[in-house]
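Asker: Can you keep this structure in mind? I'll have questions shortly.
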Amino acid sequence: MFFEFGIKDIIDILLVAIGLFYTYRLMKESRSLTVFMGIMMFVVVWLIVTQVLEMKLLGSILDKVVSVGVIGLVILFQDDIRKFLYNLGAHQRIKALQRLIVIGERRQNSEQIKQTIMPIVMACMSMSKKKTGALIVIQRATPLDDIVATGELIDAKISQQLLENIFFKNSPLHDGAVIVSEQRIRAAGCILPVSHSLHIPKELGLRHRAALGITHESDSVAIVVSEETGSISVAVSSEFQLRLTAEKLESILTQELA
């Protein structure tokens, strides 16, 4: 057996090891590690019974359980599978190819970008001084129709006054997120997926986790104004940039939307 062990077998083992490592990390981040370890134990038992001991009756029963169990796992881990496939599709080279494909129809001139950014920057700075909590999500290539459906449709022109009124502490919509798309405020009071990442600093609250969560599942840009400290943060590509000034916020949004 050892004499037939070649390069192809080494590559095979490495690919399986890499796949198991990334699956383990994904399960750990989604707090499904215990379920993952249980599945791995079952797989080991199944291989021993069918391949090593060659128990035909028990092996046939376990084969049936495995064939049905795959469907169950897809249902059980549908959110994690969707996240994995999105992360796979969001690889930098693939994103670059997507941008080349759609650049003709999605290119915005500097004036349009300025009209989108400046009211948001001014509103964030004003709310920061008042320590008014806010969460604004700017849609890019990935549609957010399912997120929009969870809130109240507005479809209004972006303005500083409107954003401040939405996030006013006595407003019924101030706890949710505002979705901005195509230079308009599409909806407010929207519910975002919350990130369960263990790498988020403990001092960051639920708004920050929601901002990071939406960037896990889309290419959108999420802006957070902290209600406790008034600091402004931006989440892009599952990463935070914290304690931003007006100039830095404008620079980041200009770069990301351009």
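All residue names refer to the structure tokens as shown: chains lettered A, B, ... in order, residues numbered from 1 in each chain, ligands numbered from 1 in order.
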Can you tell me which residues surround Asp175 (chain A) at a distance of at most 10 Å, considering only C-alpha atoms, apart from same-chain residues fewer than 6 positions away, and format the answer as a PyMOL selection string?
Answerer: chain A and resi 133-135+166-169+188-191+207
Asker: Those selected residues, please, written with N, CA, C and O atoms and delivered as a tab-separated table (two decimals), in the first residue's frame.
Answerer:
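So the final result, stored in selection10.tsv, reads:
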```
chain	number	residue	atom	x	y	z
A	133	GLY	N	-28.20	56.96	18.30
A	133	GLY	CA	-27.83	55.74	17.61
A	133	GLY	C	-28.41	55.66	16.22
A	133	GLY	O	-29.56	56.04	15.99
A	134	ALA	N	-27.62	55.15	15.28
A	134	ALA	CA	-28.08	55.03	13.89
A	134	ALA	C	-27.39	53.86	13.20
A	134	ALA	O	-26.27	53.49	13.56
A	135	LEU	N	-28.08	53.31	12.22
A	135	LEU	CA	-27.53	52.21	11.41
A	135	LEU	C	-28.02	52.39	9.98
A	135	LEU	O	-29.21	52.28	9.70
A	166	ILE	N	-35.67	59.93	11.25
A	166	ILE	CA	-35.88	58.48	11.34
A	166	ILE	C	-35.24	57.93	12.61
A	166	ILE	O	-35.83	57.10	13.31
A	167	PHE	N	-34.03	58.41	12.92
A	167	PHE	CA	-33.28	57.86	14.06
A	167	PHE	C	-33.49	58.67	15.35
A	167	PHE	O	-32.82	58.40	16.34
A	168	PHE	N	-34.42	59.63	15.32
A	168	PHE	CA	-34.76	60.36	16.55
A	168	PHE	C	-35.25	59.35	17.59
A	168	PHE	O	-35.99	58.42	17.28
A	169	LYS	N	-34.85	59.53	18.83
A	169	LYS	CA	-35.07	58.54	19.87
A	169	LYS	C	-36.53	58.17	20.07
A	169	LYS	O	-36.85	57.06	20.48
A	188	ALA	N	-36.91	51.91	6.10
A	188	ALA	CA	-36.38	52.17	7.44
A	188	ALA	C	-36.96	51.15	8.40
A	188	ALA	O	-37.96	50.50	8.12
A	189	GLY	N	-36.32	51.03	9.56
A	189	GLY	CA	-36.78	50.05	10.55
A	189	GLY	C	-36.55	48.62	10.12
A	189	GLY	O	-37.25	47.71	10.56
A	190	CYS	N	-35.54	48.40	9.28
A	190	CYS	CA	-35.28	47.06	8.74
A	190	CYS	C	-34.49	46.21	9.74
A	190	CYS	O	-33.69	46.73	10.52
A	191	ILE	N	-34.71	44.91	9.68
A	191	ILE	CA	-34.04	43.96	10.56
A	191	ILE	C	-32.89	43.32	9.80
A	191	ILE	O	-33.07	42.77	8.71
A	207	ARG	N	-26.01	47.07	17.34
A	207	ARG	CA	-25.98	47.74	16.03
A	207	ARG	C	-24.72	47.36	15.25
A	207	ARG	O	-24.76	47.14	14.05
```
Asker: Set the distance at 9 Å and use only C-alpha atoms: which residues neighbour Leu257 (chain A) once local chain neighbours fewer than 5 positions away are removed? I'd like the list as a list in words.
Answerer: Gln108, Ile113, Ile117, Ile138, Arg140, Val221 and Ile252 of chain A
Asker: Can you work out the spacing between CA of Ile48 (chain A) and CA of Ser67 (chain A) in Å, to one decimal?
Answerer: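 Calculated distance between CA of Ile48 (chain A) and CA of Ser67 (chain A) is 17.2 Å.
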Asker: With distances taken over only C-alpha atoms, which residue among A:Leu53, A:Met127, A:Ala141, A:Val236 lies nearest Gln255 (chain A)?
Answerer: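 Among the listed residues, A:Val236 lies closest to Gln255 (chain A).
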Asker: Within 12 Å of region 60-65 of chain A, counting only C-alpha atoms, which residues show up once you throw out same-chain ones fewer than 3 positions away? Write them as a PDB file with all heavy atoms, in the first residue's frame, please.
Answerer:
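Contents of selection17.pdb, as written:
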```pdb
ATOM      1  N   ILE A  39     -21.165  15.036  14.006  1.00  0.00           N
ATOM      2  CA  ILE A  39     -21.210  14.525  12.630  1.00  0.00           C
ATOM      3  C   ILE A  39     -19.908  13.800  12.288  1.00  0.00           C
ATOM      4  O   ILE A  39     -19.913  12.726  11.671  1.00  0.00           O
ATOM      5  CB  ILE A  39     -21.469  15.681  11.644  1.00  0.00           C
ATOM      6  CG1 ILE A  39     -22.876  16.251  11.854  1.00  0.00           C
ATOM      7  CG2 ILE A  39     -21.299  15.212  10.200  1.00  0.00           C
ATOM      8  CD1 ILE A  39     -23.129  17.513  11.066  1.00  0.00           C
ATOM      9  N   PHE A  42     -19.821  10.404  13.809  1.00  0.00           N
ATOM     10  CA  PHE A  42     -20.670   9.473  13.068  1.00  0.00           C
ATOM     11  C   PHE A  42     -19.973   9.014  11.788  1.00  0.00           C
ATOM     12  O   PHE A  42     -20.041   7.825  11.423  1.00  0.00           O
ATOM     13  CB  PHE A  42     -22.007  10.144  12.734  1.00  0.00           C
ATOM     14  CG  PHE A  42     -22.924   9.280  11.925  1.00  0.00           C
ATOM     15  CD1 PHE A  42     -23.732   8.325  12.533  1.00  0.00           C
ATOM     16  CD2 PHE A  42     -22.990   9.405  10.543  1.00  0.00           C
ATOM     17  CE1 PHE A  42     -24.580   7.518  11.789  1.00  0.00           C
ATOM     18  CE2 PHE A  42     -23.825   8.613   9.787  1.00  0.00           C
ATOM     19  CZ  PHE A  42     -24.629   7.661  10.418  1.00  0.00           C
ATOM     20  N   VAL A  43     -19.315   9.944  11.091  1.00  0.00           N
ATOM     21  CA  VAL A  43     -18.616   9.595   9.854  1.00  0.00           C
ATOM     22  C   VAL A  43     -17.500   8.592  10.130  1.00  0.00           C
ATOM     23  O   VAL A  43     -17.300   7.627   9.366  1.00  0.00           O
ATOM     24  CB  VAL A  43     -18.054  10.864   9.177  1.00  0.00           C
ATOM     25  CG1 VAL A  43     -17.131  10.495   8.024  1.00  0.00           C
ATOM     26  CG2 VAL A  43     -19.187  11.745   8.677  1.00  0.00           C
ATOM     27  N   VAL A  44     -16.760   8.796  11.222  1.00  0.00           N
ATOM     28  CA  VAL A  44     -15.677   7.869  11.581  1.00  0.00           C
ATOM     29  C   VAL A  44     -16.239   6.470  11.853  1.00  0.00           C
ATOM     30  O   VAL A  44     -15.695   5.460  11.370  1.00  0.00           O
ATOM     31  CB  VAL A  44     -14.906   8.394  12.817  1.00  0.00           C
ATOM     32  CG1 VAL A  44     -13.951   7.340  13.346  1.00  0.00           C
ATOM     33  CG2 VAL A  44     -14.130   9.657  12.451  1.00  0.00           C
ATOM     34  N   VAL A  45     -17.324   6.406  12.630  1.00  0.00           N
ATOM     35  CA  VAL A  45     -17.964   5.106  12.908  1.00  0.00           C
ATOM     36  C   VAL A  45     -18.454   4.455  11.630  1.00  0.00           C
ATOM     37  O   VAL A  45     -18.273   3.241  11.414  1.00  0.00           O
ATOM     38  CB  VAL A  45     -19.124   5.293  13.909  1.00  0.00           C
ATOM     39  CG1 VAL A  45     -19.921   3.994  14.059  1.00  0.00           C
ATOM     40  CG2 VAL A  45     -18.593   5.742  15.266  1.00  0.00           C
ATOM     41  N   TRP A  46     -19.055   5.247  10.752  1.00  0.00           N
ATOM     42  CA  TRP A  46     -19.571   4.724   9.477  1.00  0.00           C
ATOM     43  C   TRP A  46     -18.438   4.143   8.632  1.00  0.00           C
ATOM     44  O   TRP A  46     -18.571   3.050   8.059  1.00  0.00           O
ATOM     45  CB  TRP A  46     -20.275   5.860   8.733  1.00  0.00           C
ATOM     46  CG  TRP A  46     -20.719   5.513   7.343  1.00  0.00           C
ATOM     47  CD1 TRP A  46     -21.517   4.475   6.962  1.00  0.00           C
ATOM     48  CD2 TRP A  46     -20.360   6.211   6.136  1.00  0.00           C
ATOM     49  NE1 TRP A  46     -21.693   4.481   5.598  1.00  0.00           N
ATOM     50  CE2 TRP A  46     -20.990   5.540   5.066  1.00  0.00           C
ATOM     51  CE3 TRP A  46     -19.597   7.332   5.858  1.00  0.00           C
ATOM     52  CZ2 TRP A  46     -20.864   5.966   3.747  1.00  0.00           C
ATOM     53  CZ3 TRP A  46     -19.479   7.766   4.551  1.00  0.00           C
ATOM     54  CH2 TRP A  46     -20.096   7.071   3.508  1.00  0.00           C
ATOM     55  N   LEU A  47     -17.289   4.832   8.567  1.00  0.00           N
ATOM     56  CA  LEU A  47     -16.156   4.336   7.785  1.00  0.00           C
ATOM     57  C   LEU A  47     -15.575   3.062   8.386  1.00  0.00           C
ATOM     58  O   LEU A  47     -15.196   2.132   7.659  1.00  0.00           O
ATOM     59  CB  LEU A  47     -15.072   5.420   7.699  1.00  0.00           C
ATOM     60  CG  LEU A  47     -15.409   6.655   6.855  1.00  0.00           C
ATOM     61  CD1 LEU A  47     -14.313   7.699   6.952  1.00  0.00           C
ATOM     62  CD2 LEU A  47     -15.641   6.265   5.394  1.00  0.00           C
ATOM     63  N   ILE A  48     -15.497   3.006   9.713  1.00  0.00           N
ATOM     64  CA  ILE A  48     -14.967   1.803  10.364  1.00  0.00           C
ATOM     65  C   ILE A  48     -15.860   0.602  10.091  1.00  0.00           C
ATOM     66  O   ILE A  48     -15.393  -0.502   9.754  1.00  0.00           O
ATOM     67  CB  ILE A  48     -14.815   2.036  11.883  1.00  0.00           C
ATOM     68  CG1 ILE A  48     -13.706   3.059  12.148  1.00  0.00           C
ATOM     69  CG2 ILE A  48     -14.502   0.730  12.603  1.00  0.00           C
ATOM     70  CD1 ILE A  48     -13.575   3.450  13.600  1.00  0.00           C
ATOM     71  N   VAL A  49     -17.177   0.809  10.210  1.00  0.00           N
ATOM     72  CA  VAL A  49     -18.130  -0.287  10.024  1.00  0.00           C
ATOM     73  C   VAL A  49     -18.139  -0.775   8.585  1.00  0.00           C
ATOM     74  O   VAL A  49     -18.138  -1.986   8.316  1.00  0.00           O
ATOM     75  CB  VAL A  49     -19.547   0.161  10.449  1.00  0.00           C
ATOM     76  CG1 VAL A  49     -20.599  -0.869  10.018  1.00  0.00           C
ATOM     77  CG2 VAL A  49     -19.600   0.353  11.959  1.00  0.00           C
ATOM     78  N   THR A  50     -18.123   0.144   7.639  1.00  0.00           N
ATOM     79  CA  THR A  50     -18.260  -0.235   6.229  1.00  0.00           C
ATOM     80  C   THR A  50     -16.935  -0.610   5.564  1.00  0.00           C
ATOM     81  O   THR A  50     -16.889  -1.511   4.729  1.00  0.00           O
ATOM     82  CB  THR A  50     -18.920   0.903   5.434  1.00  0.00           C
ATOM     83  OG1 THR A  50     -18.143   2.102   5.594  1.00  0.00           O
ATOM     84  CG2 THR A  50     -20.339   1.156   5.927  1.00  0.00           C
ATOM     85  N   GLN A  51     -15.843   0.078   5.905  1.00  0.00           N
ATOM     86  CA  GLN A  51     -14.586  -0.131   5.203  1.00  0.00           C
ATOM     87  C   GLN A  51     -13.622  -1.071   5.940  1.00  0.00           C
ATOM     88  O   GLN A  51     -12.912  -1.844   5.309  1.00  0.00           O
ATOM     89  CB  GLN A  51     -13.898   1.230   4.986  1.00  0.00           C
ATOM     90  CG  GLN A  51     -14.733   2.221   4.211  1.00  0.00           C
ATOM     91  CD  GLN A  51     -15.039   1.755   2.796  1.00  0.00           C
ATOM     92  OE1 GLN A  51     -14.211   1.123   2.153  1.00  0.00           O
ATOM     93  NE2 GLN A  51     -16.234   2.065   2.308  1.00  0.00           N
ATOM     94  N   GLU A  54     -16.297  -4.237   7.623  1.00  0.00           N
ATOM     95  CA  GLU A  54     -17.126  -4.781   6.534  1.00  0.00           C
ATOM     96  C   GLU A  54     -18.382  -5.480   7.061  1.00  0.00           C
ATOM     97  O   GLU A  54     -18.730  -6.581   6.647  1.00  0.00           O
ATOM     98  CB  GLU A  54     -16.307  -5.739   5.670  1.00  0.00           C
ATOM     99  CG  GLU A  54     -15.136  -5.055   4.962  1.00  0.00           C
ATOM    100  CD  GLU A  54     -14.385  -6.001   4.049  1.00  0.00           C
ATOM    101  OE1 GLU A  54     -14.697  -7.217   4.073  1.00  0.00           O
ATOM    102  OE2 GLU A  54     -13.487  -5.545   3.316  1.00  0.00           O
ATOM    103  N   MET A  55     -19.064  -4.836   7.993  1.00  0.00           N
ATOM    104  CA  MET A  55     -20.342  -5.342   8.500  1.00  0.00           C
ATOM    105  C   MET A  55     -21.444  -4.939   7.524  1.00  0.00           C
ATOM    106  O   MET A  55     -21.814  -3.770   7.430  1.00  0.00           O
ATOM    107  CB  MET A  55     -20.619  -4.768   9.894  1.00  0.00           C
ATOM    108  CG  MET A  55     -19.631  -5.207  10.942  1.00  0.00           C
ATOM    109  SD  MET A  55     -20.048  -4.505  12.565  1.00  0.00           S
ATOM    110  CE  MET A  55     -18.761  -5.239  13.585  1.00  0.00           C
ATOM    111  N   LYS A  56     -21.974  -5.905   6.796  1.00  0.00           N
ATOM    112  CA  LYS A  56     -22.895  -5.608   5.701  1.00  0.00           C
ATOM    113  C   LYS A  56     -24.239  -5.072   6.190  1.00  0.00           C
ATOM    114  O   LYS A  56     -24.767  -4.095   5.652  1.00  0.00           O
ATOM    115  CB  LYS A  56     -23.098  -6.853   4.848  1.00  0.00           C
ATOM    116  CG  LYS A  56     -21.830  -7.300   4.124  1.00  0.00           C
ATOM    117  CD  LYS A  56     -22.100  -8.499   3.236  1.00  0.00           C
ATOM    118  CE  LYS A  56     -20.822  -8.927   2.491  1.00  0.00           C
ATOM    119  NZ  LYS A  56     -21.061 -10.107   1.622  1.00  0.00           N
ATOM    120  N   LEU A  57     -24.829  -5.708   7.204  1.00  0.00           N
ATOM    121  CA  LEU A  57     -26.154  -5.303   7.666  1.00  0.00           C
ATOM    122  C   LEU A  57     -26.103  -3.911   8.304  1.00  0.00           C
ATOM    123  O   LEU A  57     -26.853  -3.013   7.907  1.00  0.00           O
ATOM    124  CB  LEU A  57     -26.712  -6.323   8.665  1.00  0.00           C
ATOM    125  CG  LEU A  57     -28.104  -6.004   9.244  1.00  0.00           C
ATOM    126  CD1 LEU A  57     -29.130  -5.885   8.126  1.00  0.00           C
ATOM    127  CD2 LEU A  57     -28.520  -7.072  10.247  1.00  0.00           C
ATOM    128  N   VAL A  68     -29.992   9.969   3.739  1.00  0.00           N
ATOM    129  CA  VAL A  68     -31.083  10.841   4.198  1.00  0.00           C
ATOM    130  C   VAL A  68     -30.529  12.005   5.016  1.00  0.00           C
ATOM    131  O   VAL A  68     -31.040  13.126   4.967  1.00  0.00           O
ATOM    132  CB  VAL A  68     -32.102  10.042   5.039  1.00  0.00           C
ATOM    133  CG1 VAL A  68     -33.168  10.955   5.606  1.00  0.00           C
ATOM    134  CG2 VAL A  68     -32.733   8.945   4.195  1.00  0.00           C
ATOM    135  N   GLY A  69     -29.458  11.739   5.774  1.00  0.00           N
ATOM    136  CA  GLY A  69     -28.883  12.760   6.640  1.00  0.00           C
ATOM    137  C   GLY A  69     -28.313  13.944   5.887  1.00  0.00           C
ATOM    138  O   GLY A  69     -28.292  15.058   6.420  1.00  0.00           O
ATOM    139  N   VAL A  70     -27.858  13.733   4.658  1.00  0.00           N
ATOM    140  CA  VAL A  70     -27.318  14.842   3.871  1.00  0.00           C
ATOM    141  C   VAL A  70     -28.382  15.909   3.649  1.00  0.00           C
ATOM    142  O   VAL A  70     -28.120  17.114   3.771  1.00  0.00           O
ATOM    143  CB  VAL A  70     -26.773  14.328   2.522  1.00  0.00           C
ATOM    144  CG1 VAL A  70     -26.416  15.501   1.612  1.00  0.00           C
ATOM    145  CG2 VAL A  70     -25.550  13.454   2.741  1.00  0.00           C
ATOM    146  N   ILE A  71     -29.606  15.460   3.349  1.00  0.00           N
ATOM    147  CA  ILE A  71     -30.712  16.409   3.147  1.00  0.00           C
ATOM    148  C   ILE A  71     -31.000  17.151   4.440  1.00  0.00           C
ATOM    149  O   ILE A  71     -31.229  18.368   4.456  1.00  0.00           O
ATOM    150  CB  ILE A  71     -31.966  15.668   2.648  1.00  0.00           C
ATOM    151  CG1 ILE A  71     -31.663  14.958   1.322  1.00  0.00           C
ATOM    152  CG2 ILE A  71     -33.127  16.633   2.481  1.00  0.00           C
ATOM    153  CD1 ILE A  71     -32.802  14.096   0.820  1.00  0.00           C
ATOM    154  N   GLY A  72     -30.978  16.411   5.551  1.00  0.00           N
ATOM    155  CA  GLY A  72     -31.210  17.040   6.841  1.00  0.00           C
ATOM    156  C   GLY A  72     -30.159  18.071   7.181  1.00  0.00           C
ATOM    157  O   GLY A  72     -30.470  19.131   7.750  1.00  0.00           O
ATOM    158  N   LEU A  73     -28.903  17.792   6.842  1.00  0.00           N
ATOM    159  CA  LEU A  73     -27.827  18.735   7.125  1.00  0.00           C
ATOM    160  C   LEU A  73     -27.973  20.011   6.303  1.00  0.00           C
ATOM    161  O   LEU A  73     -27.679  21.106   6.793  1.00  0.00           O
ATOM    162  CB  LEU A  73     -26.470  18.084   6.840  1.00  0.00           C
ATOM    163  CG  LEU A  73     -26.036  16.983   7.808  1.00  0.00           C
ATOM    164  CD1 LEU A  73     -24.726  16.365   7.353  1.00  0.00           C
ATOM    165  CD2 LEU A  73     -25.892  17.544   9.219  1.00  0.00           C
TER     166      LEU A  73
END
```
Asker: Excluding Val178 (chain A) and any residue of its chain fewer than 3 positions from it, enumerate the residues within 12 Å of it, using only C-alpha atoms, and give them as a PyMOL selection string.
Answerer: chain A and resi 120+133-139+144+147-156+158+162-167+173-175+181+184-192+207+211+221-224
Asker: Limited to N, CA and C atoms, could you put the picked residues into a file as a CSV table (one decimal), in the first residue's frame?
Answerer:
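Printed below is part_33.csv as written:
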```
chain,number,residue,atom,x,y,z
A,120,ILE,N,-25.6,61.8,4.1
A,120,ILE,CA,-25.4,60.8,5.1
A,120,ILE,C,-24.2,61.2,6.0
A,133,GLY,N,-28.2,57.0,18.3
A,133,GLY,CA,-27.8,55.7,17.6
A,133,GLY,C,-28.4,55.7,16.2
A,134,ALA,N,-27.6,55.1,15.3
A,134,ALA,CA,-28.1,55.0,13.9
A,134,ALA,C,-27.4,53.9,13.2
A,135,LEU,N,-28.1,53.3,12.2
A,135,LEU,CA,-27.5,52.2,11.4
A,135,LEU,C,-28.0,52.4,10.0
A,136,ILE,N,-27.1,52.7,9.1
A,136,ILE,CA,-27.4,53.0,7.7
A,136,ILE,C,-26.7,52.0,6.8
A,137,VAL,N,-27.4,51.3,5.9
A,137,VAL,CA,-26.8,50.3,5.0
A,137,VAL,C,-26.9,50.8,3.6
A,138,ILE,N,-25.8,50.9,2.9
A,138,ILE,CA,-25.8,51.3,1.5
A,138,ILE,C,-25.7,50.1,0.6
A,139,GLN,N,-26.7,49.9,-0.2
A,139,GLN,CA,-26.6,48.7,-1.1
A,139,GLN,C,-25.7,48.9,-2.3
A,144,LEU,N,-30.8,43.8,-1.7
A,144,LEU,CA,-31.2,43.7,-0.3
A,144,LEU,C,-32.7,43.7,-0.2
A,147,ILE,N,-34.2,42.2,2.9
A,147,ILE,CA,-34.0,43.0,4.1
A,147,ILE,C,-35.0,44.2,4.1
A,148,VAL,N,-35.2,44.8,2.9
A,148,VAL,CA,-36.1,45.9,2.7
A,148,VAL,C,-37.5,45.5,3.2
A,149,ALA,N,-37.9,44.2,2.8
A,149,ALA,CA,-39.2,43.7,3.2
A,149,ALA,C,-39.5,43.6,4.7
A,150,THR,N,-38.4,43.6,5.5
A,150,THR,CA,-38.6,43.5,6.9
A,150,THR,C,-39.0,44.9,7.6
A,151,GLY,N,-38.8,46.0,6.8
A,151,GLY,CA,-39.0,47.3,7.3
A,151,GLY,C,-40.2,48.0,6.7
A,152,GLU,N,-40.2,49.4,6.9
A,152,GLU,CA,-41.2,50.2,6.3
A,152,GLU,C,-40.7,50.9,5.0
A,153,LEU,N,-41.4,50.7,3.9
A,153,LEU,CA,-41.0,51.3,2.7
A,153,LEU,C,-41.1,52.8,2.7
A,154,ILE,N,-40.1,53.5,2.2
A,154,ILE,CA,-40.1,55.0,2.3
A,154,ILE,C,-39.9,55.5,0.8
A,155,ASP,N,-38.9,55.1,0.1
A,155,ASP,CA,-38.6,55.5,-1.2
A,155,ASP,C,-38.6,57.0,-1.3
A,156,ALA,N,-37.7,57.6,-0.6
A,156,ALA,CA,-37.6,59.1,-0.6
A,156,ALA,C,-36.1,59.5,-0.9
A,158,ILE,N,-32.6,61.1,-0.4
A,158,ILE,CA,-31.7,61.1,0.7
A,158,ILE,C,-31.6,62.6,1.2
A,162,LEU,N,-34.2,64.0,7.0
A,162,LEU,CA,-35.0,62.8,7.0
A,162,LEU,C,-34.3,61.7,7.8
A,163,LEU,N,-33.0,61.6,7.6
A,163,LEU,CA,-32.2,60.6,8.3
A,163,LEU,C,-32.3,60.8,9.8
A,164,GLU,N,-32.1,62.1,10.2
A,164,GLU,CA,-32.1,62.4,11.6
A,164,GLU,C,-33.5,62.2,12.2
A,165,ASN,N,-34.5,62.5,11.5
A,165,ASN,CA,-35.9,62.2,12.0
A,165,ASN,C,-36.2,60.7,12.2
A,166,ILE,N,-35.7,59.9,11.2
A,166,ILE,CA,-35.9,58.5,11.3
A,166,ILE,C,-35.2,57.9,12.6
A,167,PHE,N,-34.0,58.4,12.9
A,167,PHE,CA,-33.3,57.9,14.1
A,167,PHE,C,-33.5,58.7,15.3
A,173,LEU,N,-39.2,54.1,14.2
A,173,LEU,CA,-38.3,53.3,13.3
A,173,LEU,C,-36.8,53.5,13.7
A,174,HIS,N,-36.5,54.1,14.9
A,174,HIS,CA,-35.1,54.4,15.2
A,174,HIS,C,-34.3,53.2,15.6
A,175,ASP,N,-34.9,52.1,16.0
A,175,ASP,CA,-34.2,50.9,16.3
A,175,ASP,C,-33.7,50.0,15.2
A,181,SER,N,-30.4,52.8,-1.5
A,181,SER,CA,-30.2,52.2,-2.8
A,181,SER,C,-30.5,53.1,-3.9
A,184,ARG,N,-31.5,56.7,-3.1
A,184,ARG,CA,-32.7,57.0,-2.4
A,184,ARG,C,-32.8,56.1,-1.1
A,185,ILE,N,-33.5,56.6,-0.2
A,185,ILE,CA,-33.8,55.8,1.0
A,185,ILE,C,-35.0,54.9,0.7
A,186,ARG,N,-34.7,53.6,0.6
A,186,ARG,CA,-35.7,52.7,0.2
A,186,ARG,C,-36.6,52.3,1.4
A,187,ALA,N,-36.0,52.1,2.6
A,187,ALA,CA,-36.8,51.6,3.7
A,187,ALA,C,-36.1,51.9,5.0
A,188,ALA,N,-36.9,51.9,6.1
A,188,ALA,CA,-36.4,52.2,7.4
A,188,ALA,C,-37.0,51.2,8.4
A,189,GLY,N,-36.3,51.0,9.6
A,189,GLY,CA,-36.8,50.1,10.6
A,189,GLY,C,-36.5,48.6,10.1
A,190,CYS,N,-35.5,48.4,9.3
A,190,CYS,CA,-35.3,47.1,8.7
A,190,CYS,C,-34.5,46.2,9.7
A,191,ILE,N,-34.7,44.9,9.7
A,191,ILE,CA,-34.0,44.0,10.6
A,191,ILE,C,-32.9,43.3,9.8
A,192,LEU,N,-31.7,43.4,10.4
A,192,LEU,CA,-30.5,42.8,9.8
A,192,LEU,C,-30.1,41.5,10.4
A,207,ARG,N,-26.0,47.1,17.3
A,207,ARG,CA,-26.0,47.7,16.0
A,207,ARG,C,-24.7,47.4,15.3
A,211,ALA,N,-24.5,45.4,11.7
A,211,ALA,CA,-23.7,46.0,10.6
A,211,ALA,C,-22.7,45.0,10.0
A,221,VAL,N,-22.3,48.5,2.3
A,221,VAL,CA,-21.5,49.2,3.3
A,221,VAL,C,-22.4,49.6,4.4
A,222,ALA,N,-22.1,49.4,5.6
A,222,ALA,CA,-22.9,49.7,6.8
A,222,ALA,C,-22.2,50.7,7.7
A,223,ILE,N,-23.0,51.8,8.0
A,223,ILE,CA,-22.5,52.9,8.9
A,223,ILE,C,-23.2,52.8,10.2
A,224,VAL,N,-22.5,52.9,11.3
A,224,VAL,CA,-23.0,52.8,12.6
A,224,VAL,C,-22.6,54.1,13.4
```
